[in-house]
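Peer 1: Have a look at the structure that comes next, please.
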Amino acid sequence: MNKLHECLITLHNPVAPNHYRMVLQSKDIAGHSSPGQFLMLEISAGYYPFLRRPMSIERIFSDGVSILYKVCGEGTKILSTLSVGEKINVQGPLGNSFPIPKEYQQYLIIAGGIGVAPFPALVEKILNVRGVAPEIILAGKDYTHLLCEKDFRQMGCKTHLVTEDGSAGDMGLATDILKKLNITGPTIVYTCGPLPMIKNVHKICIERKWLCYASLEAEMACGEGVCLGCVVPAKIEVENEMMARVCKEGPIFDTQVILWEKIGE
Amino acid sequence: MNKLHECLITLHNPVAPNHYRMVLQSKDIAGHSSPGQFLMLEISAGYYPFLRRPMSIERIFSDGVSILYKVCGEGTKILSTLSVGEKINVQGPLGNSFPIPKEYQQYLIIAGGIGVAPFPALVEKILNVRGVAPEIILAGKDYTHLLCEKDFRQMGCKTHLVTEDGSAGDMGLATDILKKLNITGPTIVYTCGPLPMIKNVHKICIERKWLCYASLEAEMACGEGVCLGCVVPAKIEVENEMMARVCKEGPIFDTQVILWEKIGE
Amino acid sequence: MNVNLQVSIGNLTLKNPVTVASGTFGYGEEYSEYFDISELGAVTVKSLTLQPRLGNIPPRIVETPAGMLNAIGLQNVGIENYLKYKLPFLRKQNCTIIANIYGTSIEEYVKLAEYLEKEGGADAIEMNLSCPNVHDARNKFKCPLIAQSPEWVEKYTSAVRSSVKLPLIVKLSPNITDITEPALSAERGGADGISIINTLLGMSINTHTRRPKLKNVVGGLSGPAIRPVALKMVWDVSRTVKIPVIGMGGICTTSDALEFIIAGARVVAVGSYLFRDPLAPIRIIQGLRDYCISNHLDDINNLVGSITVD
Amino acid sequence: MNVNLQVSIGNLTLKNPVTVASGTFGYGEEYSEYFDISELGAVTVKSLTLQPRLGNIPPRIVETPAGMLNAIGLQNVGIENYLKYKLPFLRKQNCTIIANIYGTSIEEYVKLAEYLEKEGGADAIEMNLSCPNVHDARNKFKCPLIAQSPEWVEKYTSAVRSSVKLPLIVKLSPNITDITEPALSAERGGADGISIINTLLGMSINTHTRRPKLKNVVGGLSGPAIRPVALKMVWDVSRTVKIPVIGMGGICTTSDALEFIIAGARVVAVGSYLFRDPLAPIRIIQGLRDYCISNHLDDINNLVGSITVD
Ligand SMILES: Cc1cc2nc3c(=O)[nH]c(=O)nc-3n(C[C@H](O)[C@H](O)[C@H](O)COP(=O)(O)OP(=O)(O)OC[C@H]3O[C@@H](n4cnc5c(N)ncnc54)[C@H](O)[C@@H]3O)c2cc1C
Ligand SMILES: Cc1cc2nc3c(=O)[nH]c(=O)nc-3n(C[C@H](O)[C@H](O)[C@H](O)COP(=O)(O)OP(=O)(O)OC[C@H]3O[C@@H](n4cnc5c(N)ncnc54)[C@H](O)[C@@H]3O)c2cc1C
Ligand SMILES: Cc1cc2nc3c(=O)[nH]c(=O)nc-3n(C[C@H](O)[C@H](O)[C@H](O)COP(=O)(O)O)c2cc1C
Ligand SMILES: Cc1cc2nc3c(=O)[nH]c(=O)nc-3n(C[C@H](O)[C@H](O)[C@H](O)COP(=O)(O)O)c2cc1C
Ligand code: FES
Ligand code: FES
């Protein structure tokens, strides 16, 4: 399978202040992608920026995939200026994907801000393979940071909104909702968003003996496991401590394998 | 006068293979420009490329100026992708301009390839201030490299075409035509193009005791005389040998002051 | 036209002068999904140490203008795992292998080299005497790299030289006043080739937290940003020593590779730019062939050091 | 909020910590068309020599990824013309002046400094001991820069120190194994400040002609490409010496300037980036003020060296 593609941009829309959705045409990428995987985008032809930018796959269509991104630096700013009809060099799909173990009847997604990006594809897949719609907690700074709400509702998901300023849904954090939710029984939690959120979700899951899969982020150079730049301390094989590559062993990790105490900040 | 301008691109057309004309909106630049001066264009917001690109002013309108350029490297390639309606940061006008001394009744322009760029503005000015249309030798590799021919004819210039492959006009070099031209009396020659052409035009002018002004090119960093990167060996003030800055003392030089023997290649 | 792209380092012949820089190609598996890695003149593997190493605490990389800083800290599987799990793949692909090694003493380098030779783990050995990321950044201050001491370079080189027969390459650091001094030492010590350059020391600060962006504080700068510096050092060294120079530092395109070869590099390595374009080395091999053809050169060796300086 | 931006080098007070790098601002006239140059903490002028110099034969500059190479070769009007034709303008504008000087011997440096002091030609002197473009590139090989020899740095510095009272800054080269050594020498020699960095040696080759793009073969690399290297050296030196450091190397934005100040620079200089944006220093002065306000700092001096390294 070829992992380097010149993709036509077939859609590029603002979806919220500073947030965009881009659809990339490629049957090849679409045919090989699974929810949770990501792409490395070549932002410009020159050396500015020098490195590609990692972006989660938001949705998988028959002839392409979409990404959902936030402008937060030079690279994403330039990305946001590209027009429909232009081409962009895309590497991927890369990394592992969300496991959907059968033994769990309940699926709960907890997304913080732009961390929602990988979940539309996941919801579709769970609907397809398990026939249930996951419950979702959508958290954000304010109402403009709650993305994909409509999509999730259309797919039949029970969706809880929570904002730090109370401008939509409850006021508070994702974990406030999580603590209040009346869910019992074997549950599997999928989460993505700011690291402190993921850490807290992980703790709550441990207490409840739930399985928790998080999509992690790290500065990446190669996206292919060769530079060893994107690592996170983890215990993956038989208690063996290692530096796991977010781009290869991840980006999806069972949060129990992450050595949280060794992660700074 | 402010020399830094965010200019709207109001026209951007291919005029020949790899050649473009761009019109930059700015009353300020238009109001202060003279034929022979140049602009330094910021090609992109990032550091690729790092330096601005020098471009001659082709024509001066009431509310802007045009440039005529050839794609020959990374910078001009990126420039050629900009669209009408986008803005570009332009520094200028910079440098000196073509002198039009009264004592000469005959004006002859010799342009090689993209070296034609500064001459439409010069022809307009000579028409305005002297009421005569200069005679023009337009030289190029082949017929696609003869630019502005129509413009010059419309302005009433007698125009001689010459191409290396004979695909338009005579076959040969600009200097072949120059040698054949039946011009006598005090003549002033303006020239721009490849350095060997300029050198040969200069030699012929010396023989004929004609005055010759050339627009020179040099790698430039600042365009403002501070980096001393763009110099050419010259004897400008009272026989004093110096390294003249193409961006400040030039780009227009009386070819007699250039120390041709000290220019390599 | 038939063009010879073969070049030699010691008694090793590479089918073409293009390899990859250690640490930017792993052990070959990942990029073998992108192209047939046996097409490379050689695969240079990530630095190997006696024991597996976890490397530095992240963040380990920062993007910089036209380049990047890394402070990986030599995370690697260790020599035994390499021989057991990585080597068979490379051999199956039929790759020419340059094994890069890193030790904390002369003895460790010797052990690593001997082990590699005994187990057939490499076709040439590259001694990394110049990794900027394995000391604590604050102590590094008065604890120079081996490559910064011409005297030590010679000692290290000759110790390894006298214990193995494999072609021996010494990788030097650009963080030095005069790169030709350790280069001459390496040659005297018996090296068959010199790799330049490893990364330039650099750092980057987060102005909000007022902390270094790299957890290890300091890292190594690579990428096109450093290309002019690398090229100058290749020119300096290749005029000074008689053994071949393996040039690297910001090589992205055929034109970049040509600059290094014309300056005097017998072999060129693509490093950080692989992260942008994994196919770059293949494009360069083809591009070198094309350049030779259009310039009527039937042997790339005639291009090496062909710079004219008046 | 009132923010103090004043900083000192020796007994000279600058109204803010932003100057320009020697050789990128001429003698101030040109860019005074763009902004009020007296708003700068100081104007640092192009290197001055005893006699006017024509400089190197062109081509003198080459663009490189995120940077440029220059081989100007110290073209300048000479000290007398400076005093006669350039100084009056700077004085009329009310600029604080750092005069950068270059000599080919201790005596020349002393003469230049004494002349400047006598004629009131500067408010501080910067000794350029690190110009990479004034030797023939091929001889340069074994003819190091003064700044590459800690011993000579001390001799040169103390000679000038003992002949003038003006604040004395020594400008060092990054082409060195350990920049702290000449920095310590300069301090011992009596310098009031250290400017780092001058350019990194580099080169570039035209692959069609197989000749160097610069007529002088080798040039000095500047611009954002070298910023991480410069920042690391500023951090190293400012932890080592007690005198102020003037940091430069690829500074373009307020954020870049902040990195240098947080790393330990008391003053920052904008160099090559002026060619892109002549207003950059003014933007940075305003940006530093804004940063201080939003970070509740009433004195920029409290930011100097405020990096946290755990
Ligand atoms: C596996 C993965 C999936 C991601 N998916 C998405 C997504 O779907 N939508 C989205 O908006 N963002 C996503 N991100 C984050 C996204 O990659 C960064 O926001 C982006 O790289 C910022 O680039 P910039 O040039 O705008 O920012 P700058 O700050 O200018 O970037 C400088 C450097 O830092 C890196 N960087 C900056 N922020 C991050 C970050 N949060 N994570 C990793 N590297 C970073 C950049 O890649 C670049 O190398 C993902 C990151 C990873 C690792
Ligand atoms: C005063 C002046 C006026 C000019 N007017 C015009 C014009 O009207 N139309 C036009 O097409 N071109 C003109 N040029 C040449 C034009 O500036 C170059 O073609 C352009 O800079 C090439 O940039 P690039 O990035 O495409 O090429 P690259 O080769 O990638 O550029 C690399 C570097 O070399 C410099 N460079 C390359 N070619 C030249 C050149 N011929 N002269 C000076 N520097 C060069 C670039 O500016 C850049 O710094 C002029 C040059 C000068 C000095
Ligand atoms: C992420 C990364 C890891 C590296 N690891 C090693 C290493 O393990 N051993 C080594 O000798 N050099 C290592 N290097 C240095 C490269 O081999 C090379 O010398 C340097 O990056 C310059 O080349 P480039 O600019 O093309 O990347 C590493 C470089 C990078 C960017
Ligand atoms: C065109 C040019 C000319 C320079 N001339 C001098 C000089 O005359 N004296 C000097 O000490 N440094 C000179 N420098 C070095 C700069 O002062 C500065 O140290 C270096 O460029 C790094 O800063 P930058 O990356 O911001 O340009 C020159 C640099 C450039 C680009
Ligand atoms: S990004 Fe290179 S190993 Fe993960
Ligand atoms: S381009 Fe800087 S002096 Fe002319």
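FYI, nothing fancy with the structure tokens labels: chains A, B, ... in order, residues from 1 per chain, ligands from 1 as they appear.
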Find the residues around region 61-78 of chain D up to 7 Å (only C-alpha atoms counted), leave out those fewer than 3 positions away in its own chain, and share them as a ChimeraX atom specification.

Peer 2: /B:47-50,219,228-229 /C:65-66,224-225 /D:47-56,81-82,133-134,202,213-214,216,219-225

Peer 1: Keeping only C-alpha atoms, write those residues as a CSV table (one decimal), in the first residue's frame.

Peer 2:
chain,number,residue,atom,x,y,z
B,47,TYR,CA,10.9,32.3,5.9
B,48,TYR,CA,10.6,30.5,2.5
B,49,PRO,CA,12.0,32.3,0.8
B,50,PHE,CA,13.8,34.4,3.4
B,219,GLU,CA,21.8,39.5,-5.7
B,228,LEU,CA,26.5,46.0,0.7
B,229,GLY,CA,25.6,42.8,-0.9
C,65,PRO,CA,13.2,27.6,10.9
C,66,ALA,CA,14.0,25.2,8.0
C,224,PRO,CA,18.3,22.5,5.5
C,225,ALA,CA,19.0,25.3,7.9
D,47,SER,CA,32.4,47.6,11.2
D,48,LEU,CA,34.9,50.5,10.8
D,49,THR,CA,38.5,50.1,9.8
D,50,LEU,CA,41.3,52.6,9.8
D,51,GLN,CA,41.3,53.0,6.0
D,52,PRO,CA,38.2,52.7,3.8
D,53,ARG,CA,37.8,49.2,2.4
D,54,LEU,CA,36.3,48.1,-0.9
D,55,GLY,CA,35.3,44.7,0.4
D,56,ASN,CA,35.2,41.5,-1.5
D,81,ASN,CA,34.8,59.4,6.7
D,82,TYR,CA,32.6,57.9,9.4
D,133,ASN,CA,35.0,37.3,5.5
D,134,VAL,CA,38.3,39.1,5.6
D,202,GLY,CA,29.2,28.3,5.4
D,213,LYS,CA,28.2,30.8,-5.4
D,214,LEU,CA,30.2,33.4,-3.4
D,216,ASN,CA,35.0,34.6,-1.8
D,219,GLY,CA,30.7,33.2,3.8
D,220,GLY,CA,28.9,33.8,7.0
D,221,LEU,CA,25.5,32.3,7.7
D,222,SER,CA,22.9,34.4,9.4
D,223,GLY,CA,19.1,34.6,9.8
D,224,PRO,CA,16.5,32.4,11.5
D,225,ALA,CA,18.3,29.3,10.5

Peer 1: Kindly determine which residues of chain B lie within 10 Å of chain D, considering only C-alpha atoms, and give the answer as a ChimeraX atom specification.

Peer 2: /B:1-4,40-42,46-53,89,91,218-233,241-244,248,262-264

Peer 1: Could I get the residues of chain D with an atom no further than 8 Å from an atom of chain C, each paired with its nearest atom pair and that distance in Å to one decimal, using only C-alpha atoms, sorted by chain and residue number, as CSV?

Peer 2:
residue,atom,partner,partner_atom,distance
D:Thr64,CA,C:Ala225,CA,7.5
D:Pro65,CA,C:Ala225,CA,5.4
D:Ala66,CA,C:Ala66,CA,5.8
D:Gly67,CA,C:Ala225,CA,7.4
D:Phe141,CA,C:Asp236,CA,7.8
D:Gln148,CA,C:Thr177,CA,6.9
D:Asn175,CA,C:Thr177,CA,5.3
D:Ile176,CA,C:Thr177,CA,3.8
D:Thr177,CA,C:Ile176,CA,3.8
D:Asp178,CA,C:Ile176,CA,7.5
D:Leu200,CA,C:Val229,CA,6.9
D:Leu201,CA,C:Val229,CA,6.0
D:Gly202,CA,C:Val229,CA,4.2
D:Met203,CA,C:Pro228,CA,4.9
D:Ser204,CA,C:Pro228,CA,5.9
D:Ile205,CA,C:Glu259,CA,5.6
D:Asn206,CA,C:Glu259,CA,7.3
D:Thr207,CA,C:Glu259,CA,6.1
D:Arg210,CA,C:Ile307,CA,5.1
D:Arg211,CA,C:Thr308,CA,5.1
D:Pro212,CA,C:Val309,CA,7.0
D:Val217,CA,C:Val309,CA,7.2
D:Val218,CA,C:Lys232,CA,7.3
D:Leu221,CA,C:Pro228,CA,7.4
D:Pro224,CA,C:Pro65,CA,5.9
D:Ala225,CA,C:Ala225,CA,4.7
D:Ile226,CA,C:Ala225,CA,7.1
D:Pro228,CA,C:Gly202,CA,4.5
D:Val229,CA,C:Gly202,CA,4.2
D:Ala230,CA,C:Gly202,CA,7.3
D:Leu231,CA,C:Met203,CA,6.1
D:Lys232,CA,C:Gly202,CA,5.0
D:Met233,CA,C:Gly202,CA,7.9
D:Asp236,CA,C:Phe141,CA,7.8
D:Ser255,CA,C:Thr207,CA,6.7
D:Leu258,CA,C:Thr207,CA,6.4
D:Glu259,CA,C:Ile205,CA,5.6
D:Ile262,CA,C:Arg210,CA,6.7
D:Ala263,CA,C:Ile205,CA,7.8
D:Ser306,CA,C:Arg210,CA,7.0
D:Ile307,CA,C:Arg210,CA,5.1
D:Thr308,CA,C:Arg211,CA,5.1
D:Val309,CA,C:Arg211,CA,6.3

Peer 1: Could you tell me how far CA of Asp290 (chain C) lies from atom 27 (O, counted along the ligand's line) of ligand 3, in Å and to one decimal?

Peer 2: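 Separating CA of Asp290 (chain C) from atom 27 (O, counted along the ligand's line) of ligand 3 is a distance of 24.3 Å.
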
Peer 1: Pick out the closest residue to chain A from this set: B:Asp176, B:Glu6, B:Glu86, B:Asp63. Count only C-alpha atoms.

Peer 2: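 Of B:Asp176, B:Glu6, B:Glu86, B:Asp63, the one nearest chain A, counting only C-alpha atoms, is B:Glu86.
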
Peer 1: To test your reading of the structure, identify every residue in region 81-183 of chain D that backbone DSSP assigns to helix (DSSP H, G or I), and report it as a ChimeraX atom specification.

Peer 2: /D:81-92,106-118,137-140,146-148,150-161,180-183

Peer 1: Report as number ranges by chain which protein, DNA and RNA residues come within 9 Å of ligand 1, using only C-alpha atoms and all ligand atoms.

Peer 2: A: 19-20, 36-40, 43, 49-58, 67-79, 94-95, 114-118, 194, 215-221, 223, 230, 246-247, 250-252; C: 61-64, 68

Peer 1: With a distance cut-off of 9 Å and only C-alpha atoms, select the neighbouring residues of region 105-118 of chain D, excluding the residue or stretch itself and same-chain residues fewer than 5 positions from it, and output the selection as a list in words.

Peer 2: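 My reading of the contact set: Leu48, Thr49, Leu50, Ile79, Leu83, Ala99, Asp123, Ala124, Ile125, Met127, Lys155, Tyr156, Thr157, Ala159, Val160, Arg161, Ser163, Val164, Lys165 and Leu166 of chain D.
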
Peer 1: Those selected residues, please, written with all heavy atoms and delivered as a compact mmCIF listing (two decimals), in the first residue's frame.

Peer 2:
# COMPACT_ATOMS: atom_id res chain seq x y z
N LEU D 48 33.99 49.43 11.30
CA LEU D 48 34.85 50.49 10.79
C LEU D 48 36.30 50.04 10.83
O LEU D 48 36.74 49.40 11.79
CB LEU D 48 34.70 51.74 11.66
CG LEU D 48 33.31 52.38 11.63
CD1 LEU D 48 33.14 53.37 12.78
CD2 LEU D 48 33.08 53.06 10.28
N THR D 49 37.05 50.40 9.79
CA THR D 49 38.47 50.11 9.76
C THR D 49 39.23 51.42 9.63
O THR D 49 38.64 52.48 9.37
CB THR D 49 38.81 49.17 8.58
OG1 THR D 49 38.23 49.71 7.39
CG2 THR D 49 38.24 47.78 8.80
N LEU D 50 40.54 51.38 9.81
CA LEU D 50 41.33 52.62 9.76
C LEU D 50 41.23 53.26 8.39
O LEU D 50 40.99 54.45 8.26
CB LEU D 50 42.79 52.33 10.11
CG LEU D 50 43.11 52.27 11.60
CD1 LEU D 50 44.59 51.92 11.81
CD2 LEU D 50 42.76 53.56 12.32
N ILE D 79 37.27 55.01 9.20
CA ILE D 79 36.96 55.77 10.41
C ILE D 79 36.83 57.27 10.15
O ILE D 79 35.95 57.93 10.69
CB ILE D 79 38.01 55.47 11.51
CG1 ILE D 79 37.69 56.17 12.82
CG2 ILE D 79 39.40 55.85 11.07
CD1 ILE D 79 36.71 55.43 13.67
N LEU D 83 33.53 59.60 10.82
CA LEU D 83 33.46 60.74 11.75
C LEU D 83 32.97 62.00 11.03
O LEU D 83 32.21 62.78 11.58
CB LEU D 83 34.82 60.98 12.39
CG LEU D 83 35.30 59.86 13.34
CD1 LEU D 83 36.76 60.08 13.73
CD2 LEU D 83 34.41 59.80 14.58
N ALA D 99 29.80 51.75 18.15
CA ALA D 99 30.64 51.72 16.96
C ALA D 99 31.41 50.41 16.94
O ALA D 99 32.17 50.10 17.86
CB ALA D 99 31.60 52.90 16.94
N ASP D 123 29.22 55.83 21.73
CA ASP D 123 28.88 55.74 23.15
C ASP D 123 29.33 54.41 23.73
O ASP D 123 29.37 54.22 24.94
CB ASP D 123 27.37 55.92 23.32
CG ASP D 123 26.93 57.27 22.75
OD1 ASP D 123 27.49 58.29 23.17
OD2 ASP D 123 26.08 57.28 21.85
N ALA D 124 29.64 53.50 22.83
CA ALA D 124 30.25 52.24 23.24
C ALA D 124 30.99 51.69 22.02
O ALA D 124 30.66 52.04 20.89
CB ALA D 124 29.20 51.24 23.73
N ILE D 125 31.96 50.87 22.30
CA ILE D 125 32.74 50.28 21.21
C ILE D 125 32.51 48.78 21.19
O ILE D 125 32.51 48.13 22.24
CB ILE D 125 34.24 50.59 21.41
CG1 ILE D 125 34.47 52.08 21.14
CG2 ILE D 125 35.11 49.73 20.49
CD1 ILE D 125 35.87 52.54 21.45
N MET D 127 34.17 45.51 19.58
CA MET D 127 35.32 44.99 18.83
C MET D 127 34.90 43.74 18.06
O MET D 127 34.58 42.72 18.68
CB MET D 127 36.45 44.60 19.79
CG MET D 127 37.09 45.76 20.52
SD MET D 127 38.22 45.15 21.81
CE MET D 127 39.53 44.42 20.80
N LYS D 155 44.21 39.34 25.14
CA LYS D 155 45.22 40.36 24.81
C LYS D 155 44.60 41.55 24.08
O LYS D 155 44.85 42.71 24.41
CB LYS D 155 46.30 39.75 23.90
CG LYS D 155 47.31 38.93 24.67
CD LYS D 155 48.51 38.58 23.81
CE LYS D 155 49.38 37.58 24.55
NZ LYS D 155 49.81 36.46 23.70
N TYR D 156 43.81 41.25 23.07
CA TYR D 156 43.19 42.32 22.30
C TYR D 156 42.28 43.16 23.18
O TYR D 156 42.30 44.40 23.14
CB TYR D 156 42.38 41.74 21.12
CG TYR D 156 43.20 41.50 19.88
CD1 TYR D 156 44.25 40.58 19.87
CD2 TYR D 156 42.94 42.19 18.70
CE1 TYR D 156 45.01 40.35 18.74
CE2 TYR D 156 43.69 41.97 17.55
CZ TYR D 156 44.73 41.05 17.57
OH TYR D 156 45.47 40.84 16.44
N THR D 157 41.50 42.48 23.99
CA THR D 157 40.53 43.20 24.83
C THR D 157 41.25 44.10 25.82
O THR D 157 40.92 45.29 25.97
CB THR D 157 39.64 42.21 25.60
OG1 THR D 157 39.08 41.27 24.68
CG2 THR D 157 38.50 42.94 26.31
N ALA D 159 44.19 45.34 25.76
CA ALA D 159 44.89 46.47 25.13
C ALA D 159 43.93 47.62 24.87
O ALA D 159 44.21 48.79 25.18
CB ALA D 159 45.54 46.01 23.82
N VAL D 160 42.79 47.30 24.32
CA VAL D 160 41.83 48.36 24.03
C VAL D 160 41.26 48.91 25.35
O VAL D 160 41.11 50.13 25.51
CB VAL D 160 40.70 47.86 23.11
CG1 VAL D 160 39.63 48.92 22.92
CG2 VAL D 160 41.27 47.44 21.76
N ARG D 161 41.00 48.00 26.27
CA ARG D 161 40.44 48.40 27.57
C ARG D 161 41.32 49.46 28.23
O ARG D 161 40.84 50.47 28.77
CB ARG D 161 40.29 47.18 28.47
CG ARG D 161 39.93 47.44 29.93
CD ARG D 161 38.50 47.96 30.12
NE ARG D 161 38.22 49.18 29.39
CZ ARG D 161 37.01 49.62 29.11
NH1 ARG D 161 35.95 48.95 29.48
NH2 ARG D 161 36.84 50.74 28.45
N SER D 163 43.23 51.55 26.93
CA SER D 163 43.45 52.82 26.22
C SER D 163 42.20 53.68 26.09
O SER D 163 42.32 54.85 25.73
CB SER D 163 44.07 52.56 24.84
OG SER D 163 43.46 51.47 24.20
N VAL D 164 41.04 53.15 26.35
CA VAL D 164 39.83 53.99 26.31
C VAL D 164 38.93 53.73 27.52
O VAL D 164 39.02 52.69 28.16
CB VAL D 164 38.99 53.78 25.02
CG1 VAL D 164 39.75 54.21 23.78
CG2 VAL D 164 38.53 52.32 24.91
N LYS D 165 38.08 54.72 27.79
CA LYS D 165 37.14 54.59 28.91
C LYS D 165 35.76 54.14 28.46
O LYS D 165 34.93 53.75 29.26
CB LYS D 165 37.02 55.94 29.62
CG LYS D 165 38.27 56.37 30.34
CD LYS D 165 37.89 57.10 31.64
CE LYS D 165 39.14 57.53 32.38
NZ LYS D 165 40.03 58.39 31.51
N LEU D 166 35.50 54.29 27.16
CA LEU D 166 34.17 53.94 26.64
C LEU D 166 33.81 52.50 26.98
O LEU D 166 34.70 51.64 27.04
CB LEU D 166 34.15 54.09 25.11
CG LEU D 166 34.01 55.50 24.53
CD1 LEU D 166 34.20 55.46 23.01
CD2 LEU D 166 32.65 56.10 24.89

Peer 1: Going by DSSP on the backbone, which bits of region 40-96 of chain B are strand (DSSP E or B)? Write them as an MDAnalysis selection string, please.

Peer 2: chainID B and resid 40:41 53:56 59:60 64:70 87:94

Peer 1: Do you know which residues are at most 10 Å from Asn13 (chain A) counting only C-alpha atoms, after dropping those on the same chain fewer than 2 positions away, and could you put them as a PyMOL selection string?

Peer 2: chain A and resi 11+15-16+19-23+68+80+83-84
